[in-house]
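Novice: What follows is coords-v7.txt; its format and atoms are compact mmCIF, C-alpha atoms and all ligand atoms.
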# COMPACT_ATOMS: atom_id res chain seq x y z
CA MET A 871 -24.70 -20.50 -28.69
CA ARG A 872 -21.17 -20.52 -27.29
CA LYS A 873 -21.34 -21.22 -23.56
CA PHE A 874 -17.70 -20.96 -22.50
CA TYR A 875 -14.76 -18.85 -23.57
CA ASN A 876 -12.43 -21.83 -23.13
CA GLU A 877 -14.64 -24.91 -22.86
CA LYS A 878 -11.77 -27.39 -22.59
CA ILE A 879 -10.31 -25.72 -19.54
CA GLU A 880 -13.58 -24.60 -17.92
CA THR A 881 -15.08 -28.09 -18.03
CA ILE A 882 -11.89 -30.04 -17.27
CA ASN A 883 -12.44 -33.14 -15.10
CA SER A 884 -11.00 -33.20 -11.59
CA THR A 885 -8.24 -35.73 -12.29
CA GLU A 886 -6.91 -33.69 -15.20
CA LYS A 887 -7.31 -30.48 -13.25
CA GLU A 888 -5.30 -31.80 -10.31
CA LYS A 889 -2.57 -33.08 -12.62
CA LEU A 890 -2.36 -29.67 -14.26
CA GLN A 891 -2.29 -27.84 -10.92
CA LEU A 892 0.44 -30.07 -9.50
CA ALA A 893 2.66 -29.54 -12.52
CA LEU A 894 2.10 -25.78 -12.41
CA ILE A 895 2.76 -25.55 -8.65
CA ASN A 896 6.10 -27.30 -9.10
CA THR A 897 7.01 -24.91 -11.92
CA GLN A 898 6.09 -22.01 -9.63
CA ILE A 899 8.28 -23.39 -6.83
CA LYS A 900 11.23 -23.47 -9.25
CA GLN A 901 10.45 -19.94 -10.37
CA ALA A 902 10.03 -18.67 -6.78
CA LEU A 903 13.52 -19.88 -5.88
CA LYS A 904 14.89 -17.28 -8.31
CA ALA A 905 13.50 -14.46 -6.12
CA PRO A 906 15.78 -13.27 -3.26
CA TYR A 907 12.88 -13.52 -0.78
CA TYR A 908 12.35 -17.26 -1.34
CA GLN A 909 16.00 -18.32 -1.46
CA ASP A 910 16.16 -19.33 2.20
CA LYS A 911 12.56 -20.52 2.46
CA LYS A 912 13.11 -24.26 2.06
CA LEU A 913 10.82 -24.69 -0.92
CA LYS A 914 10.79 -28.27 -2.21
CA GLN A 915 8.98 -29.86 -5.13
CA ILE A 916 5.78 -31.63 -4.06
CA SER A 917 4.53 -35.01 -5.23
CA GLY A 918 0.81 -34.52 -4.52
CA LEU A 919 -1.46 -31.45 -4.12
CA SER A 920 -2.05 -32.12 -0.45
CA ASP A 921 1.71 -31.79 0.18
CA ILE A 922 1.39 -28.07 -0.43
CA LYS A 923 0.51 -27.81 3.26
CA ASN A 924 4.20 -28.43 4.02
CA LEU A 925 5.31 -25.30 2.18
CA PRO A 926 5.60 -21.99 4.08
CA PHE A 927 3.01 -19.23 3.77
CA THR A 928 3.76 -15.82 2.31
CA GLY A 929 2.03 -12.93 4.08
CA LYS A 930 1.25 -9.31 3.29
CA GLU A 931 3.92 -8.27 5.81
CA ASP A 932 6.49 -10.40 3.95
CA LEU A 933 5.67 -8.50 0.77
CA ARG A 934 6.07 -5.20 2.59
CA LYS A 935 9.45 -6.29 3.98
CA ALA A 936 10.51 -7.49 0.54
CA PHE A 937 9.77 -4.04 -0.92
CA PRO A 938 10.74 -3.17 -3.58
CA PHE A 939 12.51 -6.00 -5.45
CA LYS A 940 13.10 -9.00 -3.18
CA MET A 941 10.14 -10.82 -4.75
CA LEU A 942 11.46 -10.34 -8.27
CA ALA A 943 12.23 -13.61 -10.06
CA ILE A 944 13.19 -12.24 -13.48
CA PRO A 945 15.79 -9.70 -14.70
CA HIS A 946 14.64 -6.18 -13.90
CA ASP A 947 14.42 -5.11 -17.54
CA GLN A 948 11.78 -7.78 -18.18
CA ILE A 949 9.22 -6.04 -15.95
CA VAL A 950 6.55 -4.57 -18.20
CA ARG A 951 4.18 -3.19 -15.54
CA PHE A 952 3.95 -2.24 -11.88
CA ASN A 953 0.81 -2.24 -9.78
CA ALA A 954 0.17 -1.42 -6.13
CA SER A 955 -2.77 -2.26 -3.87
CA SER A 956 -5.17 0.43 -2.69
CA GLY A 957 -3.84 0.18 0.85
CA THR A 958 -7.27 -0.43 2.40
CA THR A 959 -5.78 -1.93 5.55
CA GLY A 960 -2.18 -0.73 5.65
CA ILE A 961 0.82 0.20 3.56
CA PRO A 962 0.05 -0.64 -0.11
CA THR A 963 1.85 -3.70 -1.47
CA LEU A 964 3.79 -3.60 -4.73
CA ALA A 965 3.50 -6.06 -7.61
CA TYR A 966 5.31 -6.41 -10.93
CA PHE A 967 4.61 -8.36 -14.07
CA SER A 968 6.37 -9.70 -17.15
CA LYS A 969 5.12 -9.92 -20.71
CA SER A 970 4.15 -13.55 -20.20
CA ASP A 971 2.28 -12.63 -16.97
CA ILE A 972 0.21 -10.08 -18.90
CA LYS A 973 -0.55 -12.68 -21.57
CA ALA A 974 -1.72 -15.12 -18.87
CA HIS A 975 -3.87 -12.35 -17.30
CA GLU A 976 -5.53 -11.73 -20.67
CA GLU A 977 -6.44 -15.41 -21.07
CA ASN A 978 -7.77 -15.53 -17.52
CA GLU A 979 -9.73 -12.28 -17.69
CA ALA A 980 -11.33 -13.21 -21.01
CA VAL A 981 -12.83 -16.28 -19.29
CA HIS A 982 -14.23 -14.19 -16.40
CA PHE A 983 -15.64 -11.41 -18.61
CA PHE A 984 -17.14 -13.85 -21.10
CA ARG A 985 -18.79 -15.62 -18.16
CA ALA A 986 -20.45 -12.31 -17.23
CA GLY A 987 -21.80 -11.95 -20.77
CA VAL A 988 -19.15 -9.64 -22.30
CA ARG A 989 -18.92 -10.21 -26.06
CA LYS A 990 -17.39 -8.52 -29.10
CA ASN A 991 -20.47 -6.30 -29.49
CA THR A 992 -20.46 -5.17 -25.83
CA THR A 993 -19.87 -1.50 -25.05
CA PHE A 994 -18.07 -1.46 -21.73
CA GLN A 995 -17.76 1.58 -19.45
CA LEU A 996 -14.79 1.15 -17.15
CA MET A 997 -15.38 3.24 -14.03
CA SER A 998 -11.94 2.62 -12.62
CA SER A 999 -8.65 4.13 -13.67
CA LEU A 1000 -5.64 2.56 -15.35
CA GLY A 1001 -3.45 3.52 -12.43
CA LEU A 1002 -1.56 1.60 -9.79
CA PHE A 1003 -4.72 -0.17 -8.59
CA ALA A 1004 -5.07 -3.31 -10.70
CA ALA A 1005 -8.84 -3.44 -11.34
CA GLY A 1006 -8.77 -1.22 -14.42
CA TRP A 1007 -5.98 -3.28 -15.97
CA CYS A 1008 -7.90 -6.51 -15.37
CA CYS A 1009 -10.88 -5.04 -17.22
CA LEU A 1010 -8.68 -3.83 -20.05
CA SER A 1011 -7.13 -7.33 -20.39
CA GLY A 1012 -10.50 -9.09 -20.47
CA THR A 1013 -12.43 -6.73 -22.69
CA SER A 1014 -9.64 -6.25 -25.22
CA LYS A 1015 -9.00 -10.00 -25.50
CA ILE A 1016 -12.71 -10.49 -26.25
CA GLY A 1017 -12.74 -7.46 -28.53
CA ALA A 1018 -15.44 -5.45 -26.72
CA SER A 1019 -15.54 -1.62 -27.08
CA LEU A 1020 -13.98 -0.04 -24.01
CA ILE A 1021 -14.84 3.40 -22.61
CA PRO A 1022 -12.17 4.06 -19.95
CA SER A 1023 -14.18 6.71 -18.09
CA GLY A 1024 -12.10 6.40 -14.90
CA TYR A 1025 -13.08 7.04 -11.30
CA GLY A 1026 -15.81 9.37 -10.07
CA ASN A 1027 -17.08 12.44 -11.93
CA THR A 1028 -20.61 11.06 -11.77
CA GLU A 1029 -22.22 13.64 -14.05
CA ARG A 1030 -19.78 12.79 -16.82
CA GLN A 1031 -20.28 9.06 -16.22
CA ILE A 1032 -24.04 9.54 -16.68
CA ASP A 1033 -23.53 11.68 -19.82
CA LEU A 1034 -21.32 8.96 -21.28
CA LEU A 1035 -23.85 6.26 -20.42
CA LEU A 1036 -26.52 8.29 -22.20
CA SER A 1037 -24.47 9.19 -25.26
CA LEU A 1038 -22.36 6.06 -25.87
CA ASN A 1039 -24.96 3.55 -24.62
CA ALA A 1040 -22.71 1.22 -22.62
CA ASP A 1041 -24.54 -2.04 -21.88
CA CYS A 1042 -21.96 -3.25 -19.36
CA CYS A 1043 -19.76 -1.50 -16.81
CA PHE A 1044 -17.22 -2.12 -14.09
CA SER A 1045 -17.05 -0.29 -10.78
CA THR A 1046 -16.78 -0.93 -7.08
CA PRO A 1047 -20.20 -1.83 -5.62
CA GLY A 1048 -20.16 1.32 -3.46
CA TYR A 1049 -19.67 3.59 -6.46
CA LEU A 1050 -22.23 1.74 -8.58
CA GLN A 1051 -24.84 2.26 -5.87
CA HIS A 1052 -23.98 5.96 -5.70
CA LEU A 1053 -24.11 6.30 -9.49
CA LEU A 1054 -27.51 4.61 -9.80
CA GLU A 1055 -28.95 6.89 -7.12
CA MET A 1056 -27.65 9.93 -9.02
CA ILE A 1057 -29.25 9.12 -12.39
CA PRO A 1058 -32.17 11.58 -12.85
CA SER A 1059 -35.43 9.58 -13.12
CA LYS A 1060 -36.19 11.16 -16.52
CA ASP A 1061 -33.00 9.56 -17.87
CA LEU A 1062 -33.45 6.09 -16.41
CA GLU A 1063 -35.25 4.74 -19.45
CA ASP A 1064 -32.44 5.87 -21.77
CA ILE A 1065 -29.69 4.13 -19.83
CA LYS A 1066 -28.84 0.88 -21.63
CA LEU A 1067 -26.84 -0.77 -18.85
CA LYS A 1068 -27.86 -4.42 -18.53
CA THR A 1069 -24.84 -5.82 -16.73
CA ALA A 1070 -22.48 -4.46 -14.10
CA ILE A 1071 -19.33 -6.18 -12.93
CA THR A 1072 -18.25 -5.18 -9.46
CA GLY A 1073 -15.13 -5.94 -7.48
CA GLY A 1074 -12.67 -4.60 -4.95
CA GLU A 1075 -14.99 -4.75 -1.94
CA PRO A 1076 -17.93 -6.82 -0.69
CA LEU A 1077 -21.10 -6.73 -2.77
CA SER A 1078 -24.25 -6.53 -0.68
CA LYS A 1079 -26.77 -9.25 -1.68
CA ASN A 1080 -29.58 -6.78 -1.02
CA PHE A 1081 -28.08 -4.24 -3.39
CA GLN A 1082 -27.49 -6.91 -6.04
CA LYS A 1083 -31.18 -7.88 -5.83
CA MET A 1084 -32.42 -4.28 -5.86
CA ALA A 1085 -30.24 -3.35 -8.88
CA PHE A 1086 -31.90 -6.14 -10.82
CA GLU A 1087 -35.45 -5.45 -9.68
CA LYS A 1088 -35.36 -1.66 -9.94
CA TYR A 1089 -32.91 -1.02 -12.78
CA GLY A 1090 -32.85 -4.37 -14.62
CA ILE A 1091 -29.09 -4.52 -14.07
CA GLU A 1092 -27.56 -7.93 -13.40
CA ILE A 1093 -24.50 -7.58 -11.17
CA TYR A 1094 -21.65 -10.10 -11.43
CA ASN A 1095 -19.37 -10.26 -8.42
CA PHE A 1096 -15.64 -10.54 -9.33
CA TYR A 1097 -12.91 -11.18 -6.77
CA GLY A 1098 -9.29 -10.26 -7.37
CA MET A 1099 -6.28 -8.54 -5.90
CA THR A 1100 -3.27 -6.51 -6.93
CA GLU A 1101 -0.67 -9.10 -5.93
CA VAL A 1102 -1.91 -11.26 -8.81
CA ALA A 1103 -3.21 -8.33 -10.93
CA SER A 1104 -6.00 -10.54 -12.05
CA HIS A 1105 -9.39 -11.86 -11.04
CA ILE A 1106 -9.19 -15.03 -9.02
CA ALA A 1107 -12.90 -15.87 -9.11
CA SER A 1108 -16.14 -14.66 -10.67
CA GLU A 1109 -19.86 -15.39 -10.61
CA CYS A 1110 -21.63 -17.17 -13.44
CA SER A 1111 -25.24 -16.40 -14.38
CA PHE A 1112 -26.47 -18.66 -11.56
CA HIS A 1113 -24.98 -16.28 -8.96
CA ASN A 1114 -24.46 -19.11 -6.52
CA GLY A 1115 -20.83 -18.52 -5.66
CA LEU A 1116 -17.73 -17.41 -7.54
CA HIS A 1117 -15.92 -19.92 -9.80
CA ILE A 1118 -12.20 -19.94 -9.03
CA ALA A 1119 -9.97 -19.83 -12.12
CA GLU A 1120 -8.36 -23.13 -11.11
CA ASP A 1121 -6.01 -23.24 -14.08
CA HIS A 1122 -4.47 -19.96 -12.82
CA PHE A 1123 -4.79 -20.27 -9.05
CA TYR A 1124 -4.54 -22.99 -6.43
CA ILE A 1125 -6.82 -22.20 -3.51
CA GLU A 1126 -6.75 -23.41 0.09
CA ILE A 1127 -8.94 -22.41 3.01
CA ILE A 1128 -7.07 -22.36 6.31
CA ASP A 1129 -7.80 -21.73 9.94
CA PRO A 1130 -6.31 -18.23 10.34
CA ASP A 1131 -5.12 -18.98 13.88
CA THR A 1132 -3.49 -22.38 13.42
CA GLY A 1133 -2.67 -22.27 9.70
CA LYS A 1134 -4.24 -25.75 9.27
CA VAL A 1135 -5.98 -26.49 5.96
CA LEU A 1136 -9.76 -26.78 6.47
CA PRO A 1137 -12.09 -29.20 4.67
CA ASP A 1138 -14.41 -27.93 1.92
CA GLY A 1139 -17.46 -26.16 3.33
CA GLU A 1140 -15.72 -24.65 6.36
CA TYR A 1141 -15.13 -20.92 6.67
CA GLY A 1142 -11.55 -19.73 6.92
CA GLU A 1143 -8.87 -17.57 5.36
CA LEU A 1144 -8.35 -17.90 1.64
CA VAL A 1145 -4.79 -18.77 0.65
CA VAL A 1146 -3.85 -18.45 -2.98
CA THR A 1147 -0.93 -19.78 -5.00
CA PRO A 1148 -0.89 -18.21 -8.47
CA LEU A 1149 0.06 -20.90 -10.98
CA LYS A 1150 1.38 -18.79 -13.84
CA GLN A 1151 3.20 -15.89 -12.24
CA GLU A 1152 6.65 -15.35 -13.70
CA ALA A 1153 7.88 -11.99 -12.39
CA MET A 1154 6.54 -12.29 -8.85
CA PRO A 1155 5.74 -15.90 -7.91
CA LEU A 1156 3.84 -16.22 -4.66
CA ILE A 1157 3.67 -19.43 -2.66
CA ARG A 1158 0.64 -19.89 -0.38
CA TYR A 1159 -0.22 -16.20 -0.20
CA ARG A 1160 -2.47 -15.39 2.78
CA THR A 1161 -5.16 -13.02 1.55
CA ARG A 1162 -6.74 -12.19 4.98
CA ASP A 1163 -10.12 -12.68 3.24
CA ILE A 1164 -12.69 -15.01 4.78
CA THR A 1165 -14.76 -17.39 2.68
CA ARG A 1166 -15.44 -21.08 2.15
CA ILE A 1167 -15.50 -23.56 -0.71
CA ILE A 1168 -19.04 -24.33 -1.88
CA LYS A 1169 -19.52 -28.07 -2.20
CA GLY A 1170 -21.11 -29.65 -5.27
CA ASN A 1171 -21.39 -28.84 -8.96
CA CYS A 1172 -22.74 -25.67 -10.51
CA PRO A 1173 -25.58 -26.08 -13.04
CA CYS A 1174 -23.66 -23.87 -15.50
CA GLY A 1175 -21.39 -26.81 -16.30
CA CYS A 1176 -18.12 -25.16 -15.30
CA THR A 1177 -16.13 -27.66 -13.22
CA HIS A 1178 -14.00 -25.09 -11.42
CA ARG A 1179 -14.87 -25.02 -7.74
CA ARG A 1180 -16.70 -22.07 -6.24
CA ILE A 1181 -16.13 -19.87 -3.21
CA GLU A 1182 -18.77 -17.92 -1.34
CA PRO A 1183 -18.72 -14.15 -1.92
CA ILE A 1184 -16.23 -12.54 0.44
CA THR A 1185 -17.96 -10.40 3.02
CA HIS A 1186 -15.27 -10.25 5.69
CA ARG A 1187 -11.61 -9.41 5.70
CA ILE A 1188 -9.74 -10.29 8.87
CA ASP A 1189 -8.04 -6.88 8.98
CA ASP A 1190 -11.40 -5.08 8.91
CA MET A 1191 -12.73 -6.83 11.97
CA MET A 1192 -13.60 -4.47 14.82
CA ILE A 1193 -13.80 -6.00 18.27
CA ILE A 1194 -16.33 -3.84 20.07
CA ASN A 1195 -16.27 -4.78 23.72
CA GLY A 1196 -15.79 -8.44 22.96
CA VAL A 1197 -18.09 -8.65 19.94
CA ASN A 1198 -16.61 -9.17 16.48
CA VAL A 1199 -18.14 -6.70 14.04
CA PHE A 1200 -17.48 -6.37 10.30
CA PRO A 1201 -18.37 -3.27 8.22
CA SER A 1202 -20.33 -5.47 5.78
CA GLN A 1203 -22.74 -6.48 8.57
CA ILE A 1204 -23.37 -2.83 9.37
CA GLU A 1205 -23.86 -2.12 5.67
CA GLU A 1206 -26.59 -4.78 5.37
CA CYS A 1207 -28.46 -3.23 8.36
CA ILE A 1208 -28.22 0.30 6.94
CA TYR A 1209 -29.36 -0.98 3.56
CA ARG A 1210 -32.48 -2.61 5.01
CA ILE A 1211 -33.63 0.63 6.63
CA LEU A 1212 -32.21 3.20 4.18
CA PRO A 1213 -31.89 1.53 0.76
CA HIS A 1214 -31.12 4.85 -0.96
CA THR A 1215 -28.29 5.85 1.33
CA THR A 1216 -24.92 5.33 -0.25
CA ASN A 1217 -22.48 7.22 1.92
CA TRP A 1218 -21.82 6.33 5.54
CA GLN A 1219 -18.85 5.87 7.83
CA ILE A 1220 -18.11 4.02 11.06
CA GLU A 1221 -16.19 5.94 13.68
CA VAL A 1222 -14.53 3.72 16.26
CA GLU A 1223 -13.61 5.55 19.42
CA GLU A 1224 -11.48 4.00 22.14
CA LYS A 1225 -11.49 5.53 25.60
CA GLN A 1226 -9.93 3.81 28.60
CA PHE A 1227 -9.93 0.47 26.77
CA LEU A 1228 -13.62 0.73 25.96
CA LYS A 1229 -14.61 0.97 22.34
CA LYS A 1230 -17.71 2.75 21.07
CA ILE A 1231 -18.90 2.94 17.53
CA LYS A 1232 -20.70 5.79 15.91
CA ILE A 1233 -22.28 5.41 12.51
CA ILE A 1234 -22.38 8.62 10.53
CA ILE A 1235 -24.87 8.51 7.67
CA GLU A 1236 -25.58 11.03 4.95
CA LEU A 1237 -29.31 11.66 4.74
CA GLN A 1238 -31.30 13.48 2.08
CA ASP A 1239 -32.28 17.00 3.16
CA GLU A 1240 -36.06 16.22 3.19
CA LEU A 1241 -35.49 13.46 5.76
CA LEU A 1242 -32.91 15.37 7.74
CA SER A 1243 -35.16 18.39 8.22
CA ASN A 1244 -38.11 16.26 9.34
CA GLU A 1245 -37.29 15.62 13.00
CA THR A 1246 -40.04 13.07 13.65
CA GLN A 1247 -39.08 11.03 10.65
CA SER A 1248 -35.33 11.13 11.27
CA CYS A 1249 -35.88 10.15 14.95
CA HIS A 1250 -37.98 7.23 13.77
CA ILE A 1251 -35.31 6.11 11.28
CA ARG A 1252 -32.63 6.38 13.94
CA LEU A 1253 -34.62 4.13 16.29
CA GLN A 1254 -35.29 1.59 13.56
CA LEU A 1255 -31.63 1.53 12.66
CA ILE A 1256 -30.42 1.13 16.23
CA ASN A 1257 -32.86 -1.77 16.73
CA GLU A 1258 -31.72 -3.41 13.49
CA LEU A 1259 -28.05 -3.07 14.49
CA LYS A 1260 -28.75 -4.32 18.03
CA ALA A 1261 -30.54 -7.36 16.64
CA HIS A 1262 -27.91 -8.26 14.07
CA ILE A 1263 -24.58 -7.30 15.55
CA THR A 1264 -25.55 -7.15 19.25
CA VAL A 1265 -23.82 -3.80 19.63
CA THR A 1266 -25.64 -0.53 20.28
CA PRO A 1267 -23.97 2.17 18.25
CA LEU A 1268 -24.56 5.90 18.21
CA VAL A 1269 -26.15 7.03 14.97
CA GLU A 1270 -25.56 10.51 13.57
CA PHE A 1271 -27.18 11.87 10.44
CA VAL A 1272 -25.37 14.46 8.36
CA THR A 1273 -26.28 16.32 5.22
CA THR A 1274 -25.30 14.92 1.79
CA GLY A 1275 -21.77 15.89 0.79
CA THR A 1276 -20.38 15.93 4.36
CA LEU A 1277 -18.46 12.63 4.12
CA PRO A 1278 -15.63 12.04 1.64
CA GLU A 1279 -17.08 11.27 -1.79
CA ILE A 1280 -16.94 7.62 -2.88
CA THR A 1281 -15.15 7.15 -6.19
CA GLY A 1282 -13.56 3.72 -5.82
CA LYS A 1283 -13.24 1.67 -2.67
CA ALA A 1284 -15.16 3.31 0.15
CA LYS A 1285 -13.19 4.04 3.34
CA ARG A 1286 -15.84 2.96 5.81
CA VAL A 1287 -13.95 2.75 9.11
CA LYS A 1288 -12.27 5.65 10.88
CA PHE A 1289 -10.49 5.30 14.23
CA VAL A 1290 -10.50 8.28 16.60
CA ASN A 1291 -8.72 8.90 19.95
CA ARG A 1292 -6.93 5.59 19.71
CA SER A 1293 -5.06 4.82 22.91
P1 LIG B 1 -6.26 -3.69 -0.54
O1 LIG B 1 -7.71 -3.40 -0.63
O2 LIG B 1 -5.88 -4.68 0.52
O3 LIG B 1 -5.39 -2.48 -0.52
P2 LIG B 1 -6.35 -4.47 -3.32
O4 LIG B 1 -6.58 -3.07 -3.73
O5 LIG B 1 -5.42 -5.28 -4.13
O6 LIG B 1 -5.84 -4.52 -1.85
O7 LIG B 1 -7.75 -5.23 -3.23
C1 LIG B 1 -7.82 -6.62 -2.95
C2 LIG B 1 -8.72 -6.87 -1.79
O8 LIG B 1 -10.02 -6.30 -2.05
C3 LIG B 1 -8.99 -8.34 -1.56
O9 LIG B 1 -8.00 -8.94 -0.76
C4 LIG B 1 -10.35 -8.29 -0.86
O10 LIG B 1 -10.21 -8.02 0.52
C5 LIG B 1 -11.04 -7.12 -1.50
N1 LIG B 1 -11.92 -7.59 -2.60
C6 LIG B 1 -11.66 -7.65 -3.92
N2 LIG B 1 -12.72 -8.10 -4.61
C7 LIG B 1 -13.69 -8.36 -3.70
C8 LIG B 1 -15.03 -8.88 -3.78
N3 LIG B 1 -15.60 -9.19 -4.92
N4 LIG B 1 -15.71 -9.02 -2.61
C9 LIG B 1 -15.16 -8.69 -1.43
N5 LIG B 1 -13.91 -8.20 -1.28
C10 LIG B 1 -13.18 -8.04 -2.41
ZN ZN B 2 -21.57 -21.67 -12.50
Represent the structure of the file as structure tokens.
Ligand code: ADP
Ligand code: ZN
Specialist:
Amino acid sequence: MRKFYNEKIETINSTEKEKLQLALINTQIKQALKAPYYQDKKLKQISGLSDIKNLPFTGKEDLRKAFPFKMLAIPHDQIVRFNASSGTTGIPTLAYFSKSDIKAHEENEAVHFFRAGVRKNTTFQLMSSLGLFAAGWCCLSGTSKIGASLIPSGYGNTERQIDLLLSLNADCCFSTPGYLQHLLEMIPSKDLEDIKLKTAITGGEPLSKNFQKMAFEKYGIEIYNFYGMTEVASHIASECSFHNGLHIAEDHFYIEIIDPDTGKVLPDGEYGELVVTPLKQEAMPLIRYRTRDITRIIKGNCPCGCTHRRIEPITHRIDDMMIINGVNVFPSQIEECIYRILPHTTNWQIEVEEKQFLKKIKIIIELQDELLSNETQSCHIRLQLINELKAHITVTPLVEFVTTGTLPEITGKAKRVKFVNRS
């Protein structure tokens, strides 16, 4: 049985890989110098991979300042597609791609999707739209290159998603983890047996390990975590069937982990900010792009045989960090606590209130009507939850339960944090 989509590249030895990466980085430096933004950035060719540390970083703010075309390294009429980020933590960033970029994305995505088990005979329900947000396009690239059957069902509209699952029998799907959880909860129990989903690919936001485990145990659905971003309109890393980290597509991306405060490159195994240099980006080359995502390189080889290094699943983004009276808190930590106590709850929001320099957090959770109307039970759940949160994030939040449908519906990336009375 075929194990890899592109065995030669996925099992490349480290000497060859480094040679390839060095050559591609130098080509990217040349290409970057064609973009107005990089013209005064003192980019020089490098003679070894470790010399990349001498090149300047590119940040999200730089992209925003370069809006719309200062990052463009090709003639305008060679742009074949625009994408823009979802704007989770600020003004969305713009990205543009050439024909050769799209071809490179297809090669890259085919490797990721094949790794997650997508084949020619797969029926794939794409629960993301082909809009500005890049995820849908990544899925289209990967599934069409492999030749799978694509059902572009788009965002939300859960009843229709379930009808399509029942009538067209998709065995694989893509969605954000938050929406997948919501969807699974909404499938009527009488229909569960007729749903043929065996694999789900999720991306765009952190995937809770608890949810990944539950989806497999309860629904028999194996979730593959994919990591990507709009600026590269492609997946940077994806899990293999061992689910022990995400393999970086090292023939498409050069990855560094840096200390976010000092900018120093950290050794493998240490947590820091992921910095990515796409190796085949023609229209919008990016040198040492700071993602604001926190992870680390996993040391050692993966039993799957792929020689591309792995990163740990991203659970934190620097911009999401809330400092609550001196304690650093990330939404993903709160999610894990909620999940342990209320595994069927899919919609919740964190309200951060600042009054006279003191921050308080309130967690608003949608609760099923049966639980909400039972005062003893809801009091008990509230206490359990507060204790769980106290133990794991050492912050005592307020917890408010609201009826289902009160919070904004999740269709793609969930907006979990809301700031009120900011001063
Ligand atoms: P943004 O969310 O910043 O507007 P994008 O829509 O391009 O930008 O999404 C990219 C970001 O989404 C990444 O930088 C990362 O923070 C997050 N992300 C993507 N995939 C994953 C994943 N598998 N796990 C955790 N976070 C992810
Ligand atoms: Zn592997």
Novice: So, counting all atoms listed in the file, which residue among A:Tyr1209, A:Trp1218, A:Tyr1094, A:Phe967 is closest to ligand ZN 2 (chain B)?
Specialist: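 Smallest distance to ligand ZN 2 (chain B) is found for A:Tyr1094.
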Novice: Quick one: residues within 9 Å of ligand ZN 2 (chain B), with only C-alpha atoms and all ligand atoms, as a list of chain:residue names?
Specialist: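 I would give the residues around ligand ZN 2 (chain B) as A:Arg985, A:Glu1109, A:Cys1110, A:Ser1111, A:Phe1112, A:His1113, A:Asn1114, A:Gly1115, A:Leu1116, A:His1117, A:Asn1171, A:Cys1172, A:Pro1173, A:Cys1174, A:Gly1175, A:Cys1176, A:Thr1177, A:His1178, A:Arg1179, A:Arg1180.
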Novice: Mind listing whatever residues come within 6 Å of the point (-26.1, -6.7, 9.8)? Use all atoms listed in the file, file coordinates, and give them as JSON, numbers by chain.
Specialist: {"A": [1203, 1204, 1206, 1207, 1262, 1263]}
Novice: So which one's closest to Glu888 (chain A), A:Arg1030, A:Thr1100, A:Lys969, A:Phe1123? Using all atoms listed in the file, please.
Specialist: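 Of all the options, A:Phe1123 lies closest to Glu888 (chain A).
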Novice: Give me, please, the distance in Å between CA of Lys1015 (chain A) and CA of Glu977 (chain A), quoted to one decimal.
Specialist: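 Separation of CA of Lys1015 (chain A) and CA of Glu977 (chain A): 7.4 Å.
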Novice: Hey, can you check how far CA of His1214 (chain A) sits from CA of Met1056 (chain A)?
Specialist: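 Answer for the CA of His1214 (chain A) to CA of Met1056 (chain A) separation: 10.1 Å.
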Novice: Just the residues within 7 Å of Gly1017 (chain A), please, counting all atoms listed in the file, with nothing from its chain fewer than 3 positions along; format it as a list in words.
Specialist: Lys990, Thr1013 and Ser1014 of chain A
Novice: Enter the distance from CA of Phe1289 (chain A) to CA of Gly1074 (chain A), in Å, rounded to one decimal.
Specialist: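 If I compute the distance from CA of Phe1289 (chain A) to CA of Gly1074 (chain A), I get 21.7 Å.
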Novice: Residues within 6 Å of Ala905 (chain A), please, as a VMD selection string. Count only C-alpha atoms; anything in the same chain fewer than 6 positions from it doesn't count.
Specialist: chain A and resid 941 to 943
Novice: Check every protein, DNA and RNA residue against ligand LIG 1 (chain B), keep those with an atom at most 8 Å away (counting all atoms listed in the file), and present them as a compact mmCIF listing (two decimals) with C-alpha atoms, in the coordinates of the input.
Specialist:
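Output file selection-v9.txt follows:
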# COMPACT_ATOMS: atom_id res chain seq x y z
CA ALA A 954 0.17 -1.42 -6.13
CA SER A 955 -2.77 -2.26 -3.87
CA SER A 956 -5.17 0.43 -2.69
CA GLY A 957 -3.84 0.18 0.85
CA THR A 958 -7.27 -0.43 2.40
CA THR A 959 -5.78 -1.93 5.55
CA GLY A 960 -2.18 -0.73 5.65
CA ILE A 961 0.82 0.20 3.56
CA PRO A 962 0.05 -0.64 -0.11
CA THR A 963 1.85 -3.70 -1.47
CA PHE A 1003 -4.72 -0.17 -8.59
CA ALA A 1004 -5.07 -3.31 -10.70
CA ALA A 1005 -8.84 -3.44 -11.34
CA THR A 1072 -18.25 -5.18 -9.46
CA GLY A 1073 -15.13 -5.94 -7.48
CA GLY A 1074 -12.67 -4.60 -4.95
CA GLU A 1075 -14.99 -4.75 -1.94
CA PRO A 1076 -17.93 -6.82 -0.69
CA LEU A 1077 -21.10 -6.73 -2.77
CA ASN A 1095 -19.37 -10.26 -8.42
CA PHE A 1096 -15.64 -10.54 -9.33
CA TYR A 1097 -12.91 -11.18 -6.77
CA GLY A 1098 -9.29 -10.26 -7.37
CA MET A 1099 -6.28 -8.54 -5.90
CA THR A 1100 -3.27 -6.51 -6.93
CA GLU A 1101 -0.67 -9.10 -5.93
CA ALA A 1103 -3.21 -8.33 -10.93
CA SER A 1108 -16.14 -14.66 -10.67
CA THR A 1161 -5.16 -13.02 1.55
CA ARG A 1162 -6.74 -12.19 4.98
CA ASP A 1163 -10.12 -12.68 3.24
CA PRO A 1183 -18.72 -14.15 -1.92
CA ILE A 1184 -16.23 -12.54 0.44
CA THR A 1185 -17.96 -10.40 3.02
CA HIS A 1186 -15.27 -10.25 5.69
CA ARG A 1187 -11.61 -9.41 5.70
CA LYS A 1283 -13.24 1.67 -2.67
